[in-house]
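Colleague: One file is attached below, final28.cif, containing mmCIF, C-alpha atoms.
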```cif
data_target
loop_
_atom_site.label_atom_id
_atom_site.label_comp_id
_atom_site.auth_asym_id
_atom_site.auth_seq_id
_atom_site.Cartn_x
_atom_site.Cartn_y
_atom_site.Cartn_z
CA MET A 14 176.16 136.76 153.53
CA ASN A 15 175.16 139.11 150.69
CA SER A 16 171.87 140.96 150.49
CA PHE A 17 170.42 138.69 147.82
CA THR A 18 170.95 135.65 150.09
CA HIS A 19 169.30 137.56 152.93
CA PHE A 20 166.27 138.35 150.77
CA HIS A 21 166.09 134.77 149.56
CA ARG A 22 165.91 133.53 153.17
CA TRP A 23 163.19 136.07 153.98
CA HIS A 24 161.28 134.83 150.92
CA ASN A 25 161.59 131.20 152.01
CA GLY A 26 160.37 132.13 155.51
CA MET A 27 157.24 133.80 154.13
CA LEU A 28 156.58 130.86 151.80
CA GLY A 29 156.69 128.52 154.81
CA ILE A 30 154.20 130.75 156.65
CA CYS A 31 151.77 130.43 153.75
CA LEU A 32 152.03 126.66 153.93
CA ALA A 33 151.12 126.60 157.62
CA ALA A 34 147.33 126.47 157.08
CA GLY A 35 145.59 123.14 157.58
CA LEU A 36 148.18 121.33 159.72
CA PRO A 37 146.98 117.85 160.76
CA LEU A 38 146.45 117.11 164.45
CA ALA A 39 148.33 113.82 164.00
CA ALA A 40 151.64 115.69 164.26
CA GLN A 41 150.92 116.30 167.96
CA ALA A 42 151.76 112.65 168.60
CA ASP A 43 155.46 113.43 168.32
CA SER A 44 155.34 115.03 171.77
CA LEU A 45 153.98 111.96 173.54
CA LYS A 46 154.10 108.56 171.82
CA GLU A 47 155.89 107.81 168.57
CA PRO A 48 153.33 106.66 165.94
CA GLU A 49 154.21 104.22 163.22
CA ALA A 50 155.11 106.15 160.08
CA ALA A 51 156.75 105.41 156.77
CA PRO A 52 160.18 106.97 156.09
CA VAL A 53 160.09 110.44 154.58
CA PRO A 54 159.96 110.12 150.76
CA ALA A 55 163.19 111.14 149.07
CA ALA A 56 161.27 113.42 146.73
CA SER A 57 159.91 115.43 149.67
CA VAL A 58 163.10 115.95 151.70
CA ALA A 59 166.63 115.22 150.61
CA ALA A 60 168.26 113.66 153.69
CA ALA A 61 171.78 114.85 154.41
CA PRO A 62 174.31 112.01 154.08
CA VAL A 63 175.95 110.53 157.16
CA LEU A 64 179.61 111.16 156.48
CA LYS A 65 182.39 108.95 157.76
CA ALA A 66 184.98 110.40 160.12
CA SER A 67 187.64 110.18 157.42
CA SER A 68 185.70 112.68 155.28
CA GLU A 69 185.61 115.31 158.03
CA GLY A 70 188.19 118.05 158.08
CA GLN A 71 188.44 118.32 154.31
CA THR A 72 188.37 121.58 152.37
CA GLY A 73 184.91 122.94 151.57
CA GLN A 74 182.61 125.96 151.68
CA SER A 75 181.91 127.35 155.14
CA SER A 76 178.32 127.52 156.36
CA PRO A 77 176.84 131.04 156.61
CA SER A 78 175.33 132.27 159.86
CA LEU A 79 171.70 131.25 160.20
CA VAL A 80 169.19 134.08 160.28
CA VAL A 81 166.25 133.79 162.68
CA VAL A 82 162.99 133.71 160.69
CA ASN A 83 160.61 133.35 163.65
CA HIS A 84 160.55 132.88 167.40
CA GLY A 85 158.29 130.32 169.03
CA VAL A 86 157.23 128.74 172.32
CA VAL A 87 156.85 124.97 172.73
CA LYS A 88 153.28 123.98 173.61
CA GLY A 89 153.61 120.17 173.57
CA ALA A 90 154.82 118.19 176.59
CA ARG A 91 158.05 116.23 176.00
CA SER A 92 158.32 117.47 172.42
CA ASN A 93 160.99 115.72 170.35
CA VAL A 94 163.56 117.66 168.35
CA ARG A 95 164.94 115.47 165.57
CA ALA A 96 167.93 115.50 163.25
CA ARG A 97 165.70 115.42 160.15
CA PRO A 98 162.07 116.46 159.43
CA GLY A 99 160.34 113.12 159.98
CA LEU A 100 158.70 111.12 162.80
CA LYS A 101 161.21 108.29 162.31
CA ALA A 102 164.26 110.58 162.29
CA GLU A 103 166.92 110.37 165.00
CA PRO A 104 165.88 112.27 168.15
CA ILE A 105 168.29 114.87 169.55
CA ILE A 106 166.54 116.27 172.63
CA GLN A 107 163.09 116.62 174.21
CA LEU A 108 161.77 120.11 175.00
CA SER A 109 159.21 120.93 177.67
CA LYS A 110 156.11 123.08 177.40
CA GLY A 111 156.94 126.79 177.58
CA GLU A 112 160.51 126.56 176.27
CA SER A 113 161.53 129.12 173.64
CA VAL A 114 162.88 128.20 170.21
CA MET A 115 164.48 130.16 167.36
CA ILE A 116 163.16 129.09 163.94
CA VAL A 117 165.35 129.30 160.84
CA GLU A 118 163.31 127.31 158.29
CA ARG A 119 159.86 125.77 157.71
CA LYS A 120 159.27 122.68 155.57
CA THR A 121 156.18 120.62 154.70
CA VAL A 122 156.68 116.89 154.07
CA ASN A 123 154.42 113.92 153.36
CA GLU A 124 154.61 110.95 155.71
CA ASN A 125 152.47 107.85 155.42
CA GLY A 126 149.88 109.74 153.39
CA LYS A 127 149.74 112.69 155.81
CA THR A 128 151.06 116.22 155.37
CA ILE A 129 153.14 117.47 158.31
CA GLU A 130 154.89 120.80 158.65
CA TRP A 131 158.26 120.86 160.42
CA LEU A 132 160.25 123.74 161.88
CA ARG A 133 164.03 123.81 161.71
CA ILE A 134 165.26 125.40 164.95
CA ARG A 135 168.56 126.31 166.53
CA LEU A 136 169.46 123.68 169.08
CA PRO A 137 169.08 124.83 172.70
CA SER A 138 172.17 125.04 174.88
CA GLN A 139 171.31 121.81 176.73
CA ALA A 140 171.33 119.69 173.54
CA LYS A 141 174.19 117.21 173.23
CA CYS A 142 176.45 117.80 170.22
CA PHE A 143 179.67 116.00 169.32
CA VAL A 144 182.77 116.54 167.16
CA SER A 145 185.82 114.39 166.49
CA ALA A 146 188.42 115.13 169.17
CA GLN A 147 191.29 114.95 166.68
CA LEU A 148 189.88 117.97 164.79
CA VAL A 149 189.76 120.32 167.79
CA ALA A 150 192.64 121.67 169.89
CA ASN A 151 192.11 123.79 173.03
CA GLY A 152 188.55 124.58 171.99
CA VAL A 153 189.53 125.78 168.49
CA VAL A 154 188.64 123.91 165.29
CA LYS A 155 191.84 123.11 163.37
CA ALA A 156 190.39 121.59 160.15
CA ALA A 157 188.59 123.21 157.21
CA ASP A 158 185.18 121.52 157.55
CA VAL A 159 184.15 119.69 160.73
CA TYR A 160 180.71 118.14 161.09
CA VAL A 161 178.79 118.34 164.36
CA ARG A 162 176.75 115.24 165.17
CA CYS A 163 174.01 114.37 167.64
CA GLY A 164 175.97 111.43 169.07
CA PRO A 165 179.61 110.36 169.66
CA SER A 166 179.95 108.37 166.44
CA ALA A 167 180.10 108.88 162.68
CA ASN A 168 176.91 106.80 162.51
CA HIS A 169 174.88 109.63 164.06
CA ASN A 170 173.25 112.34 161.95
CA THR A 171 174.91 115.70 161.39
CA VAL A 172 173.30 118.76 163.00
CA GLY A 173 175.79 121.46 161.94
CA LYS A 174 179.20 122.27 160.53
CA LEU A 175 182.24 124.15 161.86
CA VAL A 176 185.13 125.71 159.96
CA LYS A 177 188.77 126.25 160.82
CA GLY A 178 189.20 128.84 163.57
CA ASP A 179 185.73 128.40 165.09
CA ARG A 180 185.70 128.27 168.89
CA VAL A 181 183.65 125.74 170.81
CA GLU A 182 182.88 125.11 174.45
CA VAL A 183 183.85 121.54 175.36
CA VAL A 184 181.57 119.88 177.91
CA LYS A 185 183.37 116.54 178.22
CA THR A 186 185.30 113.88 176.32
CA GLU A 187 183.74 110.59 175.25
CA GLY A 188 186.42 108.38 173.78
CA ALA A 189 187.53 109.85 170.44
CA TRP A 190 184.73 112.45 170.54
CA LEU A 191 184.12 115.74 172.32
CA GLN A 192 180.71 116.77 173.59
CA ILE A 193 180.34 120.51 172.93
CA LYS A 194 177.76 123.23 173.53
CA PRO A 195 175.67 123.75 170.37
CA THR A 196 176.87 126.62 168.19
CA ALA A 197 174.60 129.01 166.27
CA GLN A 198 174.87 126.70 163.22
CA CYS A 199 173.56 123.60 165.06
CA THR A 200 169.92 122.86 164.22
CA GLY A 201 167.20 120.24 164.59
CA TRP A 202 163.57 119.79 163.52
CA ILE A 203 160.33 119.91 165.53
CA SER A 204 156.74 119.45 164.39
CA ALA A 205 155.03 122.81 163.82
CA GLU A 206 151.99 121.45 165.68
CA LEU A 207 154.03 121.62 168.88
CA VAL A 208 155.08 125.29 168.66
CA ASP A 209 153.25 128.60 169.01
CA ILE A 210 154.83 131.18 166.69
CA THR A 211 155.42 134.44 168.56
CA HIS A 212 157.10 136.51 165.86
CA GLU A 213 156.20 136.70 162.16
CA PRO A 214 158.67 139.00 160.35
CA VAL A 215 157.70 140.62 157.04
CA ALA A 216 159.82 140.12 153.93
CA PRO A 217 161.25 143.28 152.33
CA GLU A 218 159.48 144.36 149.13
CA VAL A 219 162.72 144.97 147.25
CA ALA A 220 166.10 143.35 147.89
CA PRO A 221 168.70 145.95 148.98
CA THR A 222 171.82 146.42 146.90
CA ALA A 223 174.84 144.44 148.01
CA SER A 224 177.28 146.64 149.89
CA GLU A 225 178.37 146.63 153.49
CA VAL A 226 180.54 148.90 155.60
CA VAL A 227 181.76 147.20 158.77
CA THR A 228 182.94 148.72 162.05
CA PRO A 229 184.85 147.41 163.95
CA SER A 230 186.65 144.28 162.63
CA ALA A 231 184.83 140.98 162.94
CA PRO A 232 185.94 138.24 165.34
CA ALA A 233 187.72 135.26 163.79
CA GLY A 234 185.37 132.35 163.24
CA THR A 235 182.10 131.81 165.04
CA VAL A 236 182.77 132.88 168.62
CA VAL A 237 180.57 131.24 171.21
CA LYS A 238 180.54 133.33 174.41
CA VAL A 239 178.49 132.19 177.38
CA VAL A 240 177.65 135.27 179.46
CA ASP A 241 174.83 133.75 181.54
CA THR A 242 174.94 130.62 183.66
CA ASP A 243 171.20 130.73 184.33
CA PRO A 244 169.69 127.52 182.82
CA ASP A 245 166.65 129.56 181.75
CA VAL A 246 168.80 131.81 179.55
CA ILE A 247 169.98 130.77 176.07
CA VAL A 248 173.04 132.61 174.75
CA GLN A 249 174.13 132.19 171.12
CA TYR A 250 176.33 134.15 168.74
CA VAL A 251 174.19 135.35 165.82
CA THR A 252 174.20 137.63 162.77
CA LEU A 253 170.95 139.50 162.02
CA ASP A 254 169.77 142.08 159.46
CA GLY A 255 167.09 144.73 160.00
CA ILE A 256 166.25 148.36 160.67
CA LEU A 257 167.74 149.88 163.84
CA GLN A 258 165.28 152.01 165.82
CA ALA A 259 165.03 153.65 169.23
CA VAL A 260 162.59 152.09 171.70
CA THR A 261 159.72 154.36 172.71
CA GLU A 262 157.68 152.27 175.18
CA ASP A 263 158.31 152.31 178.92
CA GLY A 264 159.77 149.30 180.71
CA ALA A 265 161.67 147.91 177.68
CA PRO A 266 164.89 145.99 178.47
CA ALA A 267 167.00 148.20 176.14
CA LEU A 268 167.05 151.63 174.48
CA TYR A 269 167.23 150.30 170.92
CA GLN A 270 165.60 147.56 168.88
CA LEU A 271 166.03 145.77 165.55
CA MET A 272 162.95 145.80 163.31
CA THR A 273 161.99 144.11 160.04
CA PRO A 274 161.99 146.35 156.93
CA GLU A 275 158.67 148.16 156.49
CA LEU A 276 156.13 146.63 154.12
CA ASN A 277 152.64 148.05 153.70
CA ARG A 278 153.39 150.35 156.65
CA LEU A 279 153.95 147.37 158.95
CA GLN A 280 157.05 146.33 160.86
CA GLN A 281 157.80 143.64 163.43
CA ARG A 282 160.37 143.62 166.22
CA ILE A 283 163.19 141.09 165.85
CA CYS A 284 165.05 141.75 169.11
CA TYR A 285 166.17 144.42 171.56
CA LEU A 286 169.71 145.81 171.29
CA GLU A 287 172.47 146.58 173.77
CA SER A 288 175.80 148.17 172.89
CA ASN A 289 178.98 149.27 174.66
CA GLN A 290 179.09 152.30 172.36
CA ASP A 291 177.99 155.68 173.77
CA ASN A 292 174.92 155.59 171.54
CA LEU A 293 173.53 154.14 168.33
CA ASP A 294 171.85 157.34 167.14
CA ARG A 295 173.89 157.54 163.94
CA PHE A 296 172.47 154.17 162.86
CA GLU A 297 168.86 154.97 163.72
CA GLY A 298 166.51 154.28 160.82
CA LYS A 299 169.29 152.58 158.84
CA HIS A 300 169.39 149.05 157.42
CA VAL A 301 172.14 147.35 159.41
CA ARG A 302 173.77 143.96 159.87
CA LEU A 303 174.59 143.08 163.48
CA SER A 304 176.64 140.33 165.09
CA GLY A 305 176.90 139.52 168.76
CA ASN A 306 175.66 137.39 171.63
CA GLU A 307 171.88 137.01 171.64
CA ARG A 308 170.54 136.45 175.16
CA TRP A 309 167.07 134.93 175.34
CA ARG A 310 165.43 134.34 178.72
CA LYS A 311 162.71 131.71 179.03
CA GLY A 312 159.29 133.35 178.94
CA ASP A 313 160.46 136.54 177.20
CA ARG A 314 158.84 137.31 173.85
CA TYR A 315 161.98 138.87 172.36
CA PRO A 316 165.69 138.25 172.98
CA VAL A 317 168.34 140.92 173.64
CA LEU A 318 171.32 141.14 171.26
CA VAL A 319 174.56 142.49 172.75
CA ILE A 320 176.29 144.07 169.74
CA ASP A 321 180.02 143.62 169.13
CA ARG A 322 179.93 144.21 165.34
CA ILE A 323 177.73 146.54 163.31
CA GLY A 324 177.66 147.43 159.63
CA MET A 325 175.35 149.31 157.28
CA VAL A 326 173.73 147.53 154.35
CA TRP A 327 173.31 149.92 151.42
#
```
Once you've parsed the file, please lay out its structure as structure tokens.

Modeller:
Amino acid sequence: MNSFTHFHRWHNGMLGICLAAGLPLAAQADSLKEPEAAPVPAASVAAAPVLKASSEGQTGQSSPSLVVVNHGVVKGARSNVRARPGLKAEPIIQLSKGESVMIVERKTVNENGKTIEWLRIRLPSQAKCFVSAQLVANGVVKAADVYVRCGPSANHNTVGKLVKGDRVEVVKTEGAWLQIKPTAQCTGWISAELVDITHEPVAPEVAPTASEVVTPSAPAGTVVKVVDTDPDVIVQYVTLDGILQAVTEDGAPALYQLMTPELNRLQQRICYLESNQDNLDRFEGKHVRLSGNERWRKGDRYPVLVIDRIGMVW
């Protein structure tokens, strides 16, 4: 992902924040009883097509890693996460009050004459995701483009895409389909009315020039490593950009942190950082791109990223 794409995503995140004012209370109904609502107008949201199984595994562009725009905590009881931003869209999973979510996009749509804002979030580890069994061997994707769906059929909506070489954790087999743990590219939509935003990053004032020096070599594909079996801990492989800084406050879970670029003398924390290296002093104050397993415990305001790849963005 080049620096211009990174800046563009930051820009979109800030635009969504500006649209957040004046959300209708009607959206709260998605956490309890499903109200009658007209389908989402095509002009508001372009629904992704439901592809047939025969179209999966064909050559195509790989999906970039999704950058976390915000963190949030669910405040609605039995809050539905859906495959598309709409009250009639296919449900994927229900989240309980107090659960943490990682937000990658915000979108405002019109439904039945009402304006509702939706948050696109990474699917939690307990969400059910499925891929065609014939496109995966020993937990490794063997086709160019493989779509992840929210049910064991090509009739279910897509929630993500895998590329050849990606590793997945298989939960069980259902006929010709494999249920897998959600990867970092698997996402769903939840009404913004049901989430308290806990982190509002600031967009950089000027996009950095595109150049990256990487050490050490990157892992092949999107590697999903589960390092916690605690059900209250979400572990996902992510790629994040920001400014690396030392932590100064007492009682922090790590010695380093990743911050947003400074704007108007303000910065926000993205996550804490752990590393197997002796120290990260040589990267302090630098704009870096990090990849690794992000561990987020329920109730914590910020996750902890365990670094296995680090590069400077010039």

Colleague: Show which residues sit within 8 Å of Tyr285 in chain A, as an NGL selection string. Count only C-alpha atoms, and ignore same-chain residues fewer than 4 positions away.

Modeller: :A and (266-271 or 315-318)

Colleague: Quick one: everything within 9 Å of Pro165 in chain A, counting all atoms listed in the file, minus sequence neighbours fewer than 6 positions away in the same chain. Send it as a VMD selection string.

Modeller: chain A and resid 142 to 145 187 to 192

Colleague: So which residues get picked by the PyMOL selection byres ((chain A and resi 172) around 7) here, written as a list in words?

Modeller: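 Those residues are Ala96, Val161, Arg162, Cys163, Asn170, Thr171, Gly173, Cys199, Thr200 and Gly201 of chain A.
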
Colleague: May I ask for the distance between CA of Leu175 in chain A and CA of Val154 in chain A, given in Å to one decimal place?

Modeller: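 Between CA of Leu175 in chain A and CA of Val154 in chain A the gap works out to 7.3 Å.
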
Colleague: So what does the PyMOL selection byres ((chain A and resi 90) around 6) actually pick up in this one, as an mmCIF file with C-alpha atoms, in the frame of the given file?

Modeller:
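Output file expr-v7.cif is given in full below:
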```
data_model
loop_
_atom_site.group_PDB
_atom_site.id
_atom_site.type_symbol
_atom_site.label_atom_id
_atom_site.label_comp_id
_atom_site.auth_asym_id
_atom_site.auth_seq_id
_atom_site.Cartn_x
_atom_site.Cartn_y
_atom_site.Cartn_z
ATOM 1 C CA SER A 44 155.340 115.030 171.770
ATOM 2 C CA GLY A 89 153.610 120.170 173.570
ATOM 3 C CA ARG A 91 158.050 116.230 176.000
ATOM 4 C CA SER A 92 158.320 117.470 172.420
ATOM 5 C CA SER A 109 159.210 120.930 177.670
ATOM 6 C CA LYS A 110 156.110 123.080 177.400
#
```

Colleague: One decimal, in Å: what's the spacing between CA of Lys88 in chain A and CA of Val208 in chain A?

Modeller: 5.4 Å

Colleague: To test your reading of the syntax: which residues would the PyMOL selection byres ((chain A and resi 323) around 6) return for the file shown? Reply as a list in words.

Modeller: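 So the PyMOL selection byres ((chain A and resi 323) around 6) ends up selecting Thr228, Arg302, Leu303, Arg322 and Gly324 of chain A.
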
Colleague: Could you tell me how far CA of Ile105 in chain A sits from CA of Pro137 in chain A, in Å to one decimal place?

Modeller: 10.5 Å

Colleague: Pick out the closest residue to Pro244 in chain A from this set: A:Ser113, A:Gln107, A:Ser138, A:Thr121. Count only C-alpha atoms.

Modeller: A:Ser138

Colleague: Check the smallest atom-to-atom distance from each of A:Trp131, A:Arg308, A:Cys284, A:Ala102 to Glu206 in chain A using all atoms listed in the file, then report the winner.

Modeller: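 For Glu206 in chain A, the nearest of the candidates is A:Trp131.
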
Colleague: For Glu112 in chain A, which residue among A:Leu132, A:Asn93, A:Val184, A:Asp245 is the nearest when counting all atoms listed in the file?

Modeller: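 Using all atoms listed in the file, Glu112 in chain A sits closest to A:Asp245.
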
Colleague: Measuring between all atoms listed in the file, which one of A:Val319, A:Ile106, A:Ile256, A:Ile247 shows the shortest distance to Gly305 in chain A?

Modeller: A:Val319

Colleague: Between A:Val251, A:Val246, A:Leu257, A:Val153, which has the minimum distance to Lys311 in chain A (counting all atoms listed in the file)?

Modeller: A:Val246
